[in-house]
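Q: Quick one: structure below, then a few questions.
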Amino acid sequence: MALFNKWRKTSQVSLTTIVAPITGTIIPLKKVPDTILANKIIGDGIAIEPTGTELIAPCDGVIYRIAPSGHAFSISTSHDEELLIHFGLDTVQLKGEGFTALVKAGDSVQAGHPIIELDLDRIRQKAKSLITTVLVSSQPHKLHFDVVADETVTAGQSVIFTIES
């Protein structure tokens with residue numbers, strides 16, 4: 001038995017806490033009016049109907065990418081998880097109107113660091129929806145949700161889920 005234990009692989013479980021990247025109300029991903037997002041084709045996660053005017057880093061990490069139109073960003077965690085934070089539906093068509101990036105790809109950030117300022121009134125006039133998705137786009141990971149539908153969350157304070165990898 002001792003020999004078996006010597007050669008048996010031990011698995012390390014890592015947990016990453018994800019806070020709300022914007023203040024608003026939780027919506028289950030399956031209720032997002034976009035088939036790709038609702039069916040978790042890009043990844044699993046959660047959606048928020050925003051009331052806040054700023055997207056912040058949902059965890060410590062490195063900004064992997066900011067969309068040229070400013071409507072989305074990706075962040076890599078220290079445990080090699082990748083998250084995609086996507087603001088609104090069809091907002092790429094705004095070509096940056098209403099979005100001001102405050103960081104660039106390659107920047108290290110801590111949870112709560114401002115990433116994108118939003119002009120909600122301007123965006124609301126032209127976007128299909130303001131629903132913001134927080135997706136874990138890398139696999140495999142298990143998500144433990146800490147919020148429920150219709151719950152109000154506060155950017156940088158409310159834990160929305162934990163990633164187990």
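Chain lettering (A, B, ...) mirrors the order of the structure tokens, residue numbering begins at 1 for each chain separately, and ligand numbering begins at 1 in order of display.
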Write out as CSV the residues of region 2-104 of chain A that have any atom within 7 Å of an atom of region 134-153 of chain A, one row each with the nearest atom pair and its distance in Å to one decimal, counting only C-alpha atoms, sorted by chain and then rising number.
A:
residue,atom,partner,partner_atom,distance
A:Ala20,CA,A:Val153,CA,6.5
A:Thr23,CA,A:Val153,CA,5.5
A:Gly24,CA,A:Val153,CA,5.5
A:Thr25,CA,A:Thr152,CA,4.4
A:Ile26,CA,A:Ala149,CA,5.1
A:Ile27,CA,A:Ala149,CA,5.2
A:Pro28,CA,A:Ala149,CA,6.0
A:Ile42,CA,A:Ser137,CA,5.8
A:Gly43,CA,A:Ser137,CA,4.6
A:Asp44,CA,A:Leu135,CA,5.4
A:Gly45,CA,A:Leu135,CA,4.4
A:Ile46,CA,A:Val134,CA,5.4
A:Ala47,CA,A:Val134,CA,6.1
A:Glu81,CA,A:Ser138,CA,5.8
A:Glu82,CA,A:Ser138,CA,5.2
A:Leu83,CA,A:Val136,CA,4.5
A:Leu84,CA,A:Leu135,CA,5.1
A:Ile85,CA,A:Val134,CA,4.7
A:His86,CA,A:Val134,CA,6.7
Q: What parts of region 30-130 of chain A does DSSP call strand (DSSP E)? I'd like the answer as JSON, numbers by chain.
A: {"A": [44, 45, 46, 47, 48, 49, 50, 54, 55, 56, 61, 62, 63, 64, 65, 66, 72, 73, 74, 75, 76, 82, 83, 84, 85, 86, 87, 88, 89, 99, 100, 101, 108, 109, 114, 115, 116, 117, 118, 129, 130]}
Q: Keeping only C-alpha atoms, write those residues as a CSV table (one decimal), in the first residue's frame.
A:
chain,number,residue,atom,x,y,z
A,44,ASP,CA,-20.5,28.8,-18.3
A,45,GLY,CA,-21.3,31.7,-16.1
A,46,ILE,CA,-23.9,34.3,-15.2
A,47,ALA,CA,-25.6,37.4,-16.5
A,48,ILE,CA,-26.2,40.8,-14.9
A,49,GLU,CA,-28.8,43.4,-15.9
A,50,PRO,CA,-26.6,46.4,-15.1
A,54,GLU,CA,-18.2,50.9,-14.9
A,55,LEU,CA,-16.9,47.4,-15.6
A,56,ILE,CA,-14.3,46.3,-13.1
A,61,GLY,CA,-5.3,38.6,-13.0
A,62,VAL,CA,-3.9,39.9,-16.3
A,63,ILE,CA,-6.0,41.6,-18.9
A,64,TYR,CA,-5.8,39.1,-21.8
A,65,ARG,CA,-7.7,41.1,-24.3
A,66,ILE,CA,-9.9,44.2,-24.7
A,72,ALA,CA,-15.8,43.2,-23.8
A,73,PHE,CA,-12.6,42.1,-22.1
A,74,SER,CA,-10.9,38.9,-21.1
A,75,ILE,CA,-8.9,38.3,-18.0
A,76,SER,CA,-6.6,35.4,-17.1
A,82,GLU,CA,-9.9,32.7,-18.6
A,83,LEU,CA,-13.0,34.9,-18.1
A,84,LEU,CA,-14.8,36.8,-20.7
A,85,ILE,CA,-16.8,39.8,-19.5
A,86,HIS,CA,-19.2,40.9,-22.3
A,87,PHE,CA,-21.3,44.1,-22.0
A,88,GLY,CA,-24.6,44.1,-23.8
A,89,LEU,CA,-26.0,42.4,-26.9
A,99,PHE,CA,-17.2,52.7,-24.0
A,100,THR,CA,-13.9,54.0,-22.6
A,101,ALA,CA,-11.2,51.5,-21.9
A,108,SER,CA,-2.0,43.3,-14.3
A,109,VAL,CA,-5.1,44.1,-12.2
A,114,PRO,CA,-11.7,49.8,-13.1
A,115,ILE,CA,-11.5,48.4,-16.7
A,116,ILE,CA,-14.1,50.1,-18.9
A,117,GLU,CA,-16.3,53.2,-18.3
A,118,LEU,CA,-19.7,53.1,-19.7
A,129,SER,CA,-29.8,44.9,-24.5
A,130,LEU,CA,-27.4,46.0,-21.7
Q: May I ask which of the residues A:Asp119, A:Asp34, A:Glu164, A:Asp107 is the closest one to His71 (chain A), counting only C-alpha atoms?
A: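 The shortest atom-to-atom distance to His71 (chain A) comes from A:Asp119.
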Q: In Å to one decimal, how far is CA of Ser158 (chain A) from CA of Leu29 (chain A)?
A: 17.6 Å
Q: Could you find all residues in chain A that DSSP calls helix (DSSP H, G or I) from the backbone, and write them as a ChimeraX atom specification?
A: /A:2-7,29-31,35-38,91-94,120-126
Q: Find the residue from A:Val32, A:Ile131, A:Leu37, A:Ala155 that sits nearest to Cys59 (chain A); use only C-alpha atoms when measuring.
A: A:Ala155
Q: Provide the CA of Ala67 (chain A) to CA of Gly106 (chain A) distance in Å, to one decimal place.
A: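 It comes out at 13.2 Å.
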